[in-house]
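Data block for input-v8.txt (compact mmCIF, C-alpha atoms):
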```txt
# COMPACT_ATOMS: atom_id res chain seq x y z
CA LEU A 1 -4.05 -23.34 13.49
CA ALA A 2 -4.54 -26.06 16.09
CA THR A 3 -0.91 -27.15 16.38
CA ASP A 4 1.47 -26.34 19.24
CA PRO A 5 5.27 -26.03 19.13
CA PRO A 6 7.45 -27.77 18.15
CA GLY A 7 5.18 -29.08 15.37
CA HIS A 8 3.74 -25.64 14.73
CA THR A 9 7.21 -24.10 14.62
CA ARG A 10 8.30 -26.60 11.99
CA LEU A 11 5.28 -26.04 9.74
CA ARG A 12 5.51 -22.26 10.00
CA ARG A 13 9.24 -22.26 9.26
CA LEU A 14 8.70 -24.20 6.04
CA ALA A 15 5.87 -21.97 4.83
CA SER A 16 6.91 -18.53 6.05
CA LYS A 17 9.38 -17.71 3.24
CA ALA A 18 6.48 -17.21 0.84
CA PHE A 19 5.07 -14.40 2.98
CA THR A 20 8.11 -12.28 3.79
CA ALA A 21 7.99 -8.53 3.16
CA ALA A 22 10.18 -9.00 0.07
CA ALA A 23 7.89 -11.74 -1.30
CA VAL A 24 4.83 -9.54 -0.78
CA ASP A 25 6.55 -6.58 -2.45
CA ARG A 26 7.03 -8.68 -5.57
CA LEU A 27 3.26 -9.23 -5.66
CA ARG A 28 2.34 -5.54 -5.46
CA PRO A 29 2.33 -4.82 -9.22
CA ARG A 30 0.02 -7.76 -9.86
CA ILE A 31 -2.27 -6.75 -6.95
CA GLN A 32 -2.47 -3.25 -8.44
CA GLN A 33 -3.27 -4.70 -11.87
CA ILE A 34 -6.10 -6.87 -10.48
CA THR A 35 -7.44 -3.90 -8.52
CA ASP A 36 -7.48 -1.69 -11.61
CA GLU A 37 -9.17 -4.38 -13.71
CA HIS A 38 -12.07 -4.76 -11.28
CA LEU A 39 -12.54 -1.03 -10.80
CA ASP A 40 -12.34 -0.46 -14.56
CA ALA A 41 -15.23 -2.90 -14.95
CA ILE A 42 -17.56 -0.83 -12.75
CA ALA A 43 -16.25 2.73 -13.18
CA ALA A 44 -18.69 3.89 -15.86
CA ARG A 45 -21.80 2.51 -14.14
CA GLY A 46 -22.03 4.85 -11.18
CA ALA A 47 -23.12 2.08 -8.80
CA ALA A 48 -21.94 -1.36 -7.67
CA ASP A 49 -21.95 -3.94 -4.93
CA LEU A 50 -18.46 -3.32 -3.63
CA ILE A 51 -18.28 -6.65 -1.79
CA ASN A 52 -19.09 -9.06 -4.58
CA GLU A 53 -17.68 -6.96 -7.41
CA PHE A 54 -14.44 -5.89 -5.74
CA ALA A 55 -13.71 -6.97 -2.16
CA VAL A 56 -14.31 -10.66 -2.95
CA PRO A 57 -12.65 -11.14 -6.37
CA LEU A 58 -9.49 -9.16 -5.55
CA PRO A 59 -8.14 -11.38 -2.73
CA VAL A 60 -9.62 -14.53 -4.30
CA THR A 61 -7.66 -13.87 -7.48
CA VAL A 62 -4.47 -13.04 -5.58
CA ILE A 63 -4.46 -16.13 -3.35
CA CYS A 64 -5.57 -18.48 -6.16
CA GLU A 65 -2.81 -17.20 -8.43
CA LEU A 66 -0.35 -17.51 -5.55
CA LEU A 67 -1.37 -21.13 -4.96
CA GLY A 68 -1.59 -21.98 -8.65
CA VAL A 69 -5.34 -22.72 -8.65
CA PRO A 70 -6.69 -22.92 -12.23
CA GLN A 71 -9.06 -20.09 -13.10
CA ASP A 72 -12.02 -22.34 -13.87
CA GLU A 73 -11.88 -23.88 -10.38
CA ARG A 74 -11.90 -20.60 -8.44
CA PRO A 75 -15.64 -19.75 -8.44
CA GLN A 76 -16.59 -23.13 -6.97
CA LEU A 77 -13.88 -22.91 -4.31
CA ARG A 78 -15.19 -19.47 -3.35
CA ARG A 79 -18.73 -20.84 -3.02
CA TRP A 80 -17.58 -23.71 -0.83
CA SER A 81 -15.55 -21.35 1.34
CA ASN A 82 -18.53 -19.04 1.78
CA THR A 83 -20.70 -22.01 2.75
CA LEU A 84 -18.28 -22.90 5.55
CA PHE A 85 -19.02 -19.63 7.32
CA THR A 86 -22.61 -18.82 6.41
CA ASN A 87 -24.66 -22.02 6.17
CA ALA A 88 -26.66 -22.94 9.25
CA HIS A 89 -26.67 -26.69 8.57
CA PRO A 90 -23.67 -28.61 9.97
CA ALA A 91 -23.94 -31.33 7.32
CA VAL A 92 -23.77 -28.75 4.52
CA ARG A 93 -20.75 -27.06 6.10
CA ASP A 94 -19.09 -30.43 6.59
CA GLN A 95 -19.62 -31.33 2.94
CA ALA A 96 -18.16 -27.99 1.83
CA SER A 97 -15.10 -28.65 3.99
CA HIS A 98 -14.62 -32.07 2.37
CA ASP A 99 -15.14 -30.59 -1.09
CA ILE A 100 -12.41 -27.98 -0.54
CA ALA A 101 -10.05 -30.63 0.87
CA ASP A 102 -10.72 -32.92 -2.10
CA ALA A 103 -10.05 -30.09 -4.55
CA MET A 104 -6.80 -29.15 -2.81
CA THR A 105 -5.75 -32.82 -2.65
CA ALA A 106 -6.21 -33.08 -6.41
CA LEU A 107 -4.34 -29.82 -6.97
CA VAL A 108 -1.39 -30.90 -4.82
CA ALA A 109 -1.31 -34.25 -6.66
CA ARG A 110 -1.10 -32.41 -9.98
CA LYS A 111 1.76 -30.29 -8.66
CA TYR A 112 3.63 -33.44 -7.62
CA HIS A 113 2.98 -34.94 -11.05
CA ASP A 114 4.31 -31.81 -12.75
CA ARG A 115 7.46 -31.99 -10.65
CA ASP A 116 7.98 -35.70 -11.26
CA THR A 117 7.51 -35.36 -15.02
CA GLY A 118 9.79 -32.34 -15.29
CA ARG A 119 7.09 -29.85 -16.26
CA PRO A 120 7.78 -26.19 -15.39
CA SER A 121 6.04 -25.28 -12.14
CA GLY A 122 5.26 -21.67 -12.99
CA GLY A 123 6.66 -20.63 -9.62
CA ASP A 124 3.39 -20.90 -7.68
CA LEU A 125 3.41 -21.30 -3.90
CA LEU A 126 2.30 -24.95 -3.77
CA SER A 127 5.04 -25.96 -6.19
CA THR A 128 7.53 -24.03 -4.06
CA LEU A 129 6.28 -25.67 -0.86
CA ILE A 130 6.67 -29.12 -2.44
CA THR A 131 10.39 -28.46 -2.76
CA ALA A 132 10.78 -26.38 0.44
CA ARG A 133 13.28 -27.86 2.86
CA HIS A 134 14.83 -27.00 6.18
CA GLY A 135 17.83 -29.28 6.46
CA GLN A 136 16.40 -32.72 5.77
CA ASP A 137 12.88 -31.69 6.76
CA ARG A 138 10.08 -31.08 4.28
CA LEU A 139 6.28 -30.99 4.25
CA SER A 140 4.43 -34.25 3.73
CA GLN A 141 1.72 -34.47 1.09
CA GLN A 142 -0.98 -34.42 3.80
CA GLU A 143 0.60 -31.35 5.39
CA LEU A 144 0.68 -29.65 1.99
CA VAL A 145 -3.03 -30.27 1.50
CA SER A 146 -3.83 -28.93 4.96
CA MET A 147 -1.64 -25.88 4.32
CA ALA A 148 -3.29 -25.28 0.94
CA VAL A 149 -6.79 -25.37 2.45
CA LEU A 150 -5.78 -22.97 5.21
CA LEU A 151 -4.05 -20.52 2.86
CA LEU A 152 -6.94 -20.59 0.39
CA ILE A 153 -9.60 -19.79 3.01
CA ALA A 154 -7.60 -17.46 5.25
CA GLY A 155 -6.04 -15.81 2.20
CA HIS A 156 -9.27 -14.27 0.97
CA GLU A 157 -12.10 -14.45 3.53
CA THR A 158 -10.50 -12.11 6.05
CA THR A 159 -9.14 -9.64 3.48
CA THR A 160 -12.56 -9.40 1.84
CA ASN A 161 -14.05 -8.48 5.20
CA LEU A 162 -11.26 -6.03 5.99
CA ILE A 163 -11.73 -4.11 2.72
CA GLY A 164 -15.53 -4.10 3.05
CA ASN A 165 -15.55 -3.08 6.72
CA ALA A 166 -12.99 -0.34 6.08
CA VAL A 167 -15.00 1.18 3.22
CA LEU A 168 -18.20 1.06 5.27
CA ALA A 169 -16.45 2.77 8.20
CA LEU A 170 -15.29 5.57 5.92
CA LEU A 171 -18.72 6.02 4.36
CA GLN A 172 -20.23 6.31 7.83
CA HIS A 173 -17.60 8.87 8.89
CA PRO A 174 -17.55 11.49 6.11
CA ALA A 175 -15.05 13.82 7.77
CA GLN A 176 -12.49 11.04 8.15
CA HIS A 177 -13.25 9.83 4.63
CA THR A 178 -12.46 13.31 3.29
CA ALA A 179 -9.30 13.62 5.39
CA LEU A 180 -7.99 10.24 4.21
CA ALA A 181 -8.73 11.02 0.56
CA ALA A 182 -6.81 14.29 0.94
CA ASP A 183 -3.77 12.74 2.63
CA PRO A 184 -2.79 9.27 1.38
CA ASP A 185 0.02 9.15 3.97
CA LEU A 186 -2.66 8.52 6.59
CA LEU A 187 -3.66 5.23 4.96
CA ALA A 188 -1.12 2.89 6.58
CA PRO A 189 -2.05 3.83 10.19
CA ALA A 190 -5.71 4.04 9.15
CA ILE A 191 -5.67 0.39 8.10
CA GLU A 192 -4.51 -0.55 11.60
CA GLU A 193 -7.43 1.41 13.02
CA PHE A 194 -9.83 -0.33 10.62
CA LEU A 195 -8.45 -3.66 11.85
CA ARG A 196 -9.09 -2.62 15.44
CA TYR A 197 -12.40 -0.83 14.91
CA ASP A 198 -14.23 -3.57 13.00
CA SER A 199 -12.06 -6.69 12.92
CA PRO A 200 -12.61 -9.05 9.97
CA LEU A 201 -12.73 -11.91 12.47
CA GLY A 202 -15.16 -11.55 15.35
CA ILE A 203 -13.76 -14.52 17.24
CA ALA A 204 -10.58 -16.55 16.88
CA THR A 205 -10.47 -20.12 15.68
CA VAL A 206 -11.19 -22.62 18.44
CA ARG A 207 -8.60 -22.92 21.18
CA PHE A 208 -8.23 -25.65 23.81
CA THR A 209 -6.73 -25.36 27.27
CA THR A 210 -3.89 -27.82 27.86
CA GLN A 211 -3.75 -26.86 31.55
CA PRO A 212 -5.89 -24.79 33.93
CA VAL A 213 -5.91 -21.10 32.96
CA THR A 214 -6.83 -18.33 35.38
CA TYR A 215 -8.37 -15.23 33.83
CA GLY A 216 -9.51 -12.61 36.32
CA PRO A 217 -11.68 -14.34 38.93
CA THR A 218 -12.28 -17.39 36.72
CA THR A 219 -10.20 -20.55 36.35
CA ILE A 220 -10.82 -22.50 33.14
CA PRO A 221 -10.02 -26.21 33.62
CA ALA A 222 -7.74 -28.12 31.29
CA GLU A 223 -9.16 -29.70 28.12
CA GLN A 224 -11.87 -27.10 27.65
CA ILE A 225 -12.89 -25.26 24.48
CA VAL A 226 -12.14 -21.53 24.66
CA MET A 227 -13.62 -18.96 22.30
CA ILE A 228 -11.59 -15.76 22.17
CA GLY A 229 -13.47 -12.58 21.26
CA ILE A 230 -11.09 -10.66 18.99
CA GLY A 231 -13.68 -7.97 18.32
CA ALA A 232 -14.26 -7.46 22.04
CA ALA A 233 -10.53 -7.33 22.79
CA ASN A 234 -10.07 -4.67 20.13
CA ARG A 235 -12.74 -2.53 21.83
CA ASP A 236 -11.20 -2.89 25.31
CA PRO A 237 -11.55 0.51 27.07
CA ALA A 238 -8.52 -0.32 29.22
CA ARG A 239 -6.44 -0.40 26.04
CA TYR A 240 -8.14 2.28 23.92
CA PRO A 241 -9.74 5.55 25.05
CA ASN A 242 -13.21 5.85 23.53
CA PRO A 243 -12.87 2.44 21.81
CA ALA A 244 -16.19 2.63 19.94
CA ALA A 245 -14.97 5.67 17.98
CA LEU A 246 -13.20 5.45 14.63
CA ASP A 247 -10.03 7.54 14.96
CA LEU A 248 -7.70 7.28 11.97
CA VAL A 249 -4.98 9.25 13.76
CA ARG A 250 -5.28 7.36 17.02
CA ALA A 251 -1.91 7.26 18.77
CA LYS A 252 -0.13 3.99 17.96
CA PRO A 253 -3.25 2.45 16.42
CA HIS A 254 -1.55 -0.91 15.91
CA HIS A 255 -0.50 -1.26 19.55
CA GLY A 256 -2.34 -4.18 21.07
CA HIS A 257 -4.91 -4.90 18.37
CA LEU A 258 -5.44 -8.60 17.89
CA ALA A 259 -6.96 -8.68 14.41
CA PHE A 260 -4.00 -10.78 13.20
CA GLY A 261 -3.68 -12.80 16.39
CA HIS A 262 -0.72 -12.83 18.73
CA GLY A 263 2.44 -14.77 19.46
CA PRO A 264 3.39 -17.93 17.53
CA HIS A 265 0.03 -17.95 15.73
CA TYR A 266 0.31 -14.37 14.48
CA CYS A 267 -1.19 -14.38 10.98
CA LEU A 268 1.28 -15.72 8.44
CA GLY A 269 -0.30 -13.61 5.70
CA ALA A 270 -0.57 -10.31 7.61
CA ALA A 271 1.83 -8.51 5.27
CA LEU A 272 -0.10 -9.72 2.22
CA ALA A 273 -3.46 -8.66 3.73
CA ARG A 274 -2.09 -5.21 4.55
CA ALA A 275 -0.65 -4.83 1.04
CA GLU A 276 -3.90 -5.86 -0.67
CA THR A 277 -5.96 -3.57 1.55
CA HIS A 278 -3.60 -0.62 1.11
CA ILE A 279 -3.63 -0.94 -2.69
CA ALA A 280 -7.40 -1.50 -2.79
CA LEU A 281 -8.27 1.49 -0.59
CA ALA A 282 -5.69 3.83 -2.09
CA THR A 283 -6.97 3.12 -5.59
CA LEU A 284 -10.60 3.35 -4.54
CA LEU A 285 -10.05 6.70 -2.80
CA ARG A 286 -8.19 8.09 -5.81
CA ARG A 287 -10.64 6.94 -8.46
CA PHE A 288 -13.91 7.33 -6.54
CA PRO A 289 -13.42 10.29 -4.18
CA CYS A 290 -17.17 10.92 -3.90
CA LEU A 291 -18.17 7.35 -3.07
CA GLN A 292 -21.43 7.10 -1.10
CA LEU A 293 -23.49 4.38 0.51
CA ASP A 294 -26.38 3.44 -1.78
CA THR A 295 -28.67 2.17 0.96
CA SER A 296 -29.40 2.93 4.59
CA PRO A 297 -27.00 1.38 7.13
CA GLN A 298 -29.98 -0.40 8.69
CA GLN A 299 -30.57 -2.33 5.45
CA LEU A 300 -27.04 -3.72 5.25
CA VAL A 301 -26.90 -7.49 5.82
CA TRP A 302 -23.98 -9.05 7.67
CA ARG A 303 -22.79 -12.56 6.96
CA PRO A 304 -24.47 -15.00 9.39
CA SER A 305 -21.23 -16.24 10.89
CA ARG A 306 -19.99 -16.33 14.46
CA MET A 307 -16.38 -16.19 13.31
CA MET A 308 -16.35 -13.90 10.28
CA ARG A 309 -17.31 -10.24 10.57
CA GLY A 310 -18.23 -9.02 7.13
CA LEU A 311 -21.02 -7.78 4.91
CA GLN A 312 -22.91 -9.88 2.39
CA ALA A 313 -23.16 -6.84 0.12
CA LEU A 314 -22.15 -3.18 0.14
CA PRO A 315 -24.18 -1.12 -2.36
CA VAL A 316 -22.36 2.10 -3.26
CA ARG A 317 -22.77 4.87 -5.81
CA TRP A 318 -20.67 7.65 -7.29
CA SER A 319 -20.76 10.17 -10.11
CA PRO A 320 -19.06 8.48 -13.08
CA ALA A 321 -16.52 10.58 -14.93
CA PRO A 322 -17.79 11.87 -18.29
CA ARG A 323 -16.48 10.03 -21.32
```

Would you give me this structure, written as structure tokens?
Amino acid sequence: LATDPPGHTRLRRLASKAFTAAAVDRLRPRIQQITDEHLDAIAARGAADLINEFAVPLPVTVICELLGVPQDERPQLRRWSNTLFTNAHPAVRDQASHDIADAMTALVARKYHDRDTGRPSGGDLLSTLITARHGQDRLSQQELVSMAVLLLIAGHETTTNLIGNAVLALLQHPAQHTALAADPDLLAPAIEEFLRYDSPLGIATVRFTTQPVTYGPTTIPAEQIVMIGIGAANRDPARYPNPAALDLVRAKPHHGHLAFGHGPHYCLGAALARAETHIALATLLRRFPCLQLDTSPQQLVWRPSRMMRGLQALPVRWSPAPR
């Protein structure tokens, strides 16, 4: 995230094959299976916290399976990841960062050991990255650890927020909720509008100026920290008419939104995030067409994070189907 070309180009080239459209398509049946399992678990109850019982475990399971993270290690990794974005104490966040790095270092070491001893890899992404080459180039062990940490965190935090924010937007706009439930073909462009309307990242990761940058009447000197407001950019009235409105049939809803970044740093996992969200929302709309918010919007609590834009919980209710 903080690397410029040509180093960034090299790292992205080695990792990008795991996130092609074809690679994501191969994951769709498993994403659907995970989605069904979590919705099966709550269907008969008539109420649930859709964040912690669905929007969190779905992408956590997908990215952990993709990376080859053992099941018993996943809950702790999720807790550390959450701490990174919600704890107010720098020392606690710093410790969580080290804990995740240590866990990923140990995981990568095990993958190397499996390769060196001839054990089957199981086809997970880390094992694939260990053997990934471009000519004579390959990722170093330190680069693999850094990549694993990034993919683990980015692979579930943002998708959790996207699913949660999208469901909340629909519950607060009943007419659009009904229209989307009646016409599943609207879902793909609707997801782009959800990304624009309430981006899962409020601000981008930290950027640094390498030379003076002029923006409007202001010149930012070189070697300064720059915080880029993704949420503000996606509500730019010069780009979108009536930007504060949710409009699922907005003309070219994807044009210009920055929820996945821009340019060389465009999100490597964008196709995976879109696939997970599409499957999650399509299944939710089909199985729970009368979903309702089970609290007042004023009582909803957002995660205390400057970067992440997501709910801590989303209480919902529905009329369970008779047995």

Non-local contacts of region 38-46 of chain A (10 Å; only C-alpha atoms; under 2 positions in same chain excluded) as a list in words: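 So, after excluding close chain neighbours, the residues are Gln33, Ile34, Thr35, Asp36, Ala48, Asp49, Leu50, Glu53, Phe54, Ala55, Pro57, Leu58, Ala280, Thr283, Leu284, Arg287, Phe288, Leu291, Val316, Arg317, Trp318, Ser319, Pro320, Ala321, Pro322 and Arg323 of chain A.
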
Selection: 12 Å around Leu168 (chain A), only C-alpha atoms, excl. self and same-chain fewer than 2 positions, as a VMD selection string: chain A and resid 49 to 51 55 161 to 166 170 to 174 176 to 177 194 197 to 198 246 281 291 to 297 300 302 310 to 311 313 to 316

Given only C-alpha atoms as the counted atoms, nearest of A:Ala238, A:Leu84, A:Thr20, A:Ala175 to Arg303 (chain A):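 Counting only C-alpha atoms, the residue closest to Arg303 (chain A) is A:Leu84.
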
For Phe260 (chain A): contacts at 9 Å, only C-alpha atoms, fewer than 2 positions along chain excluded, given as a list in words: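 Surrounding residues, per the criterion: Leu195, Leu201, His257, Leu258, His262, His265, Tyr266, Cys267, Leu268, Gly269 and Ala270 of chain A.
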
Restricted to C-alpha atoms, what would the selected residues look like written as a CSV table (one decimal), in the frame of the given file?
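As written to disk, selection_1.csv reads:
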```
chain,number,residue,atom,x,y,z
A,195,LEU,CA,-8.4,-3.7,11.8
A,201,LEU,CA,-12.7,-11.9,12.5
A,257,HIS,CA,-4.9,-4.9,18.4
A,258,LEU,CA,-5.4,-8.6,17.9
A,262,HIS,CA,-0.7,-12.8,18.7
A,265,HIS,CA,0.0,-18.0,15.7
A,266,TYR,CA,0.3,-14.4,14.5
A,267,CYS,CA,-1.2,-14.4,11.0
A,268,LEU,CA,1.3,-15.7,8.4
A,269,GLY,CA,-0.3,-13.6,5.7
A,270,ALA,CA,-0.6,-10.3,7.6
```

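Proximity ranking of A:Gln32, A:Thr214, A:Thr61, A:Thr86 relative to Gly155 (chain A) places A:Thr61 first, based on only C-alpha atoms.
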
Val149 (chain A) surroundings by all atoms listed in the file, 12 Å radius, close-in-sequence under 3 positions cut, as number ranges by chain: A: 1, 63-64, 67, 69, 77-78, 80-81, 96-108, 126, 142-146, 152-156

Just write the chosen residues, C-alpha atoms, as a short mmCIF file (atom, residue, chain, number, x, y, z; two decimals), keeping the file's coordinate frame.
```cif
data_model
loop_
_atom_site.label_atom_id
_atom_site.label_comp_id
_atom_site.auth_asym_id
_atom_site.auth_seq_id
_atom_site.Cartn_x
_atom_site.Cartn_y
_atom_site.Cartn_z
CA LEU A 1 -4.05 -23.34 13.49
CA ILE A 63 -4.46 -16.13 -3.35
CA CYS A 64 -5.57 -18.48 -6.16
CA LEU A 67 -1.37 -21.13 -4.96
CA VAL A 69 -5.34 -22.72 -8.65
CA LEU A 77 -13.88 -22.91 -4.31
CA ARG A 78 -15.19 -19.47 -3.35
CA TRP A 80 -17.58 -23.71 -0.83
CA SER A 81 -15.55 -21.35 1.34
CA ALA A 96 -18.16 -27.99 1.83
CA SER A 97 -15.10 -28.65 3.99
CA HIS A 98 -14.62 -32.07 2.37
CA ASP A 99 -15.14 -30.59 -1.09
CA ILE A 100 -12.41 -27.98 -0.54
CA ALA A 101 -10.05 -30.63 0.87
CA ASP A 102 -10.72 -32.92 -2.10
CA ALA A 103 -10.05 -30.09 -4.55
CA MET A 104 -6.80 -29.15 -2.81
CA THR A 105 -5.75 -32.82 -2.65
CA ALA A 106 -6.21 -33.08 -6.41
CA LEU A 107 -4.34 -29.82 -6.97
CA VAL A 108 -1.39 -30.90 -4.82
CA LEU A 126 2.30 -24.95 -3.77
CA GLN A 142 -0.98 -34.42 3.80
CA GLU A 143 0.60 -31.35 5.39
CA LEU A 144 0.68 -29.65 1.99
CA VAL A 145 -3.03 -30.27 1.50
CA SER A 146 -3.83 -28.93 4.96
CA LEU A 152 -6.94 -20.59 0.39
CA ILE A 153 -9.60 -19.79 3.01
CA ALA A 154 -7.60 -17.46 5.25
CA GLY A 155 -6.04 -15.81 2.20
CA HIS A 156 -9.27 -14.27 0.97
#
```

Repair of region 183-200 of chain A at the level of N, CA, C and O atoms, as a PDB file, in the frame of the given file:
```pdb
ATOM      1  N   ASP A 183      -5.129  13.018   2.142  1.00  0.00           N
ATOM      2  CA  ASP A 183      -3.770  12.740   2.630  1.00  0.00           C
ATOM      3  C   ASP A 183      -3.505  11.241   2.604  1.00  0.00           C
ATOM      4  O   ASP A 183      -3.721  10.555   3.603  1.00  0.00           O
ATOM      5  N   PRO A 184      -3.041  10.710   1.491  1.00  0.00           N
ATOM      6  CA  PRO A 184      -2.790   9.270   1.380  1.00  0.00           C
ATOM      7  C   PRO A 184      -1.782   8.734   2.401  1.00  0.00           C
ATOM      8  O   PRO A 184      -1.771   7.539   2.684  1.00  0.00           O
ATOM      9  N   ASP A 185      -0.953   9.596   2.966  1.00  0.00           N
ATOM     10  CA  ASP A 185       0.020   9.150   3.970  1.00  0.00           C
ATOM     11  C   ASP A 185      -0.658   8.634   5.229  1.00  0.00           C
ATOM     12  O   ASP A 185      -0.029   7.930   6.039  1.00  0.00           O
ATOM     13  N   LEU A 186      -1.918   8.995   5.420  1.00  0.00           N
ATOM     14  CA  LEU A 186      -2.660   8.520   6.590  1.00  0.00           C
ATOM     15  C   LEU A 186      -3.130   7.080   6.441  1.00  0.00           C
ATOM     16  O   LEU A 186      -3.596   6.472   7.410  1.00  0.00           O
ATOM     17  N   LEU A 187      -3.014   6.511   5.227  1.00  0.00           N
ATOM     18  CA  LEU A 187      -3.660   5.230   4.960  1.00  0.00           C
ATOM     19  C   LEU A 187      -3.059   4.079   5.750  1.00  0.00           C
ATOM     20  O   LEU A 187      -3.799   3.237   6.267  1.00  0.00           O
ATOM     21  N   ALA A 188      -1.729   4.016   5.865  1.00  0.00           N
ATOM     22  CA  ALA A 188      -1.120   2.890   6.580  1.00  0.00           C
ATOM     23  C   ALA A 188      -1.592   2.819   8.035  1.00  0.00           C
ATOM     24  O   ALA A 188      -2.051   1.757   8.491  1.00  0.00           O
ATOM     25  N   PRO A 189      -1.504   3.917   8.825  1.00  0.00           N
ATOM     26  CA  PRO A 189      -2.050   3.830  10.190  1.00  0.00           C
ATOM     27  C   PRO A 189      -3.561   3.668  10.203  1.00  0.00           C
ATOM     28  O   PRO A 189      -4.111   3.044  11.131  1.00  0.00           O
ATOM     29  N   ALA A 190      -4.258   4.209   9.190  1.00  0.00           N
ATOM     30  CA  ALA A 190      -5.710   4.040   9.150  1.00  0.00           C
ATOM     31  C   ALA A 190      -6.107   2.580   9.018  1.00  0.00           C
ATOM     32  O   ALA A 190      -7.088   2.135   9.630  1.00  0.00           O
ATOM     33  N   ILE A 191      -5.360   1.810   8.249  1.00  0.00           N
ATOM     34  CA  ILE A 191      -5.670   0.390   8.100  1.00  0.00           C
ATOM     35  C   ILE A 191      -5.577  -0.327   9.443  1.00  0.00           C
ATOM     36  O   ILE A 191      -6.398  -1.203   9.763  1.00  0.00           O
ATOM     37  N   GLU A 192      -4.609   0.055  10.276  1.00  0.00           N
ATOM     38  CA  GLU A 192      -4.510  -0.550  11.600  1.00  0.00           C
ATOM     39  C   GLU A 192      -5.731  -0.191  12.450  1.00  0.00           C
ATOM     40  O   GLU A 192      -6.224  -1.012  13.233  1.00  0.00           O
ATOM     41  N   GLU A 193      -6.223   1.028  12.285  1.00  0.00           N
ATOM     42  CA  GLU A 193      -7.430   1.410  13.020  1.00  0.00           C
ATOM     43  C   GLU A 193      -8.652   0.680  12.487  1.00  0.00           C
ATOM     44  O   GLU A 193      -9.532   0.282  13.261  1.00  0.00           O
ATOM     45  N   PHE A 194      -8.734   0.464  11.166  1.00  0.00           N
ATOM     46  CA  PHE A 194      -9.830  -0.330  10.620  1.00  0.00           C
ATOM     47  C   PHE A 194      -9.798  -1.757  11.195  1.00  0.00           C
ATOM     48  O   PHE A 194     -10.836  -2.339  11.519  1.00  0.00           O
ATOM     49  N   LEU A 195      -8.598  -2.317  11.290  1.00  0.00           N
ATOM     50  CA  LEU A 195      -8.450  -3.660  11.850  1.00  0.00           C
ATOM     51  C   LEU A 195      -8.935  -3.717  13.294  1.00  0.00           C
ATOM     52  O   LEU A 195      -9.535  -4.700  13.728  1.00  0.00           O
ATOM     53  N   ARG A 196      -8.662  -2.669  14.043  1.00  0.00           N
ATOM     54  CA  ARG A 196      -9.090  -2.620  15.440  1.00  0.00           C
ATOM     55  C   ARG A 196     -10.582  -2.329  15.552  1.00  0.00           C
ATOM     56  O   ARG A 196     -11.310  -2.985  16.309  1.00  0.00           O
ATOM     57  N   TYR A 197     -11.041  -1.349  14.779  1.00  0.00           N
ATOM     58  CA  TYR A 197     -12.400  -0.830  14.910  1.00  0.00           C
ATOM     59  C   TYR A 197     -13.456  -1.862  14.536  1.00  0.00           C
ATOM     60  O   TYR A 197     -14.477  -1.989  15.207  1.00  0.00           O
ATOM     61  N   ASP A 198     -13.241  -2.591  13.465  1.00  0.00           N
ATOM     62  CA  ASP A 198     -14.230  -3.570  13.000  1.00  0.00           C
ATOM     63  C   ASP A 198     -13.471  -4.765  12.422  1.00  0.00           C
ATOM     64  O   ASP A 198     -13.347  -4.923  11.208  1.00  0.00           O
ATOM     65  N   SER A 199     -12.959  -5.597  13.296  1.00  0.00           N
ATOM     66  CA  SER A 199     -12.060  -6.690  12.920  1.00  0.00           C
ATOM     67  C   SER A 199     -12.732  -7.653  11.951  1.00  0.00           C
ATOM     68  O   SER A 199     -13.901  -8.006  12.126  1.00  0.00           O
ATOM     69  N   PRO A 200     -12.009  -8.117  10.932  1.00  0.00           N
ATOM     70  CA  PRO A 200     -12.610  -9.050   9.970  1.00  0.00           C
ATOM     71  C   PRO A 200     -12.939 -10.413  10.565  1.00  0.00           C
ATOM     72  O   PRO A 200     -13.708 -11.167   9.993  1.00  0.00           O
TER      73      PRO A 200
END
```
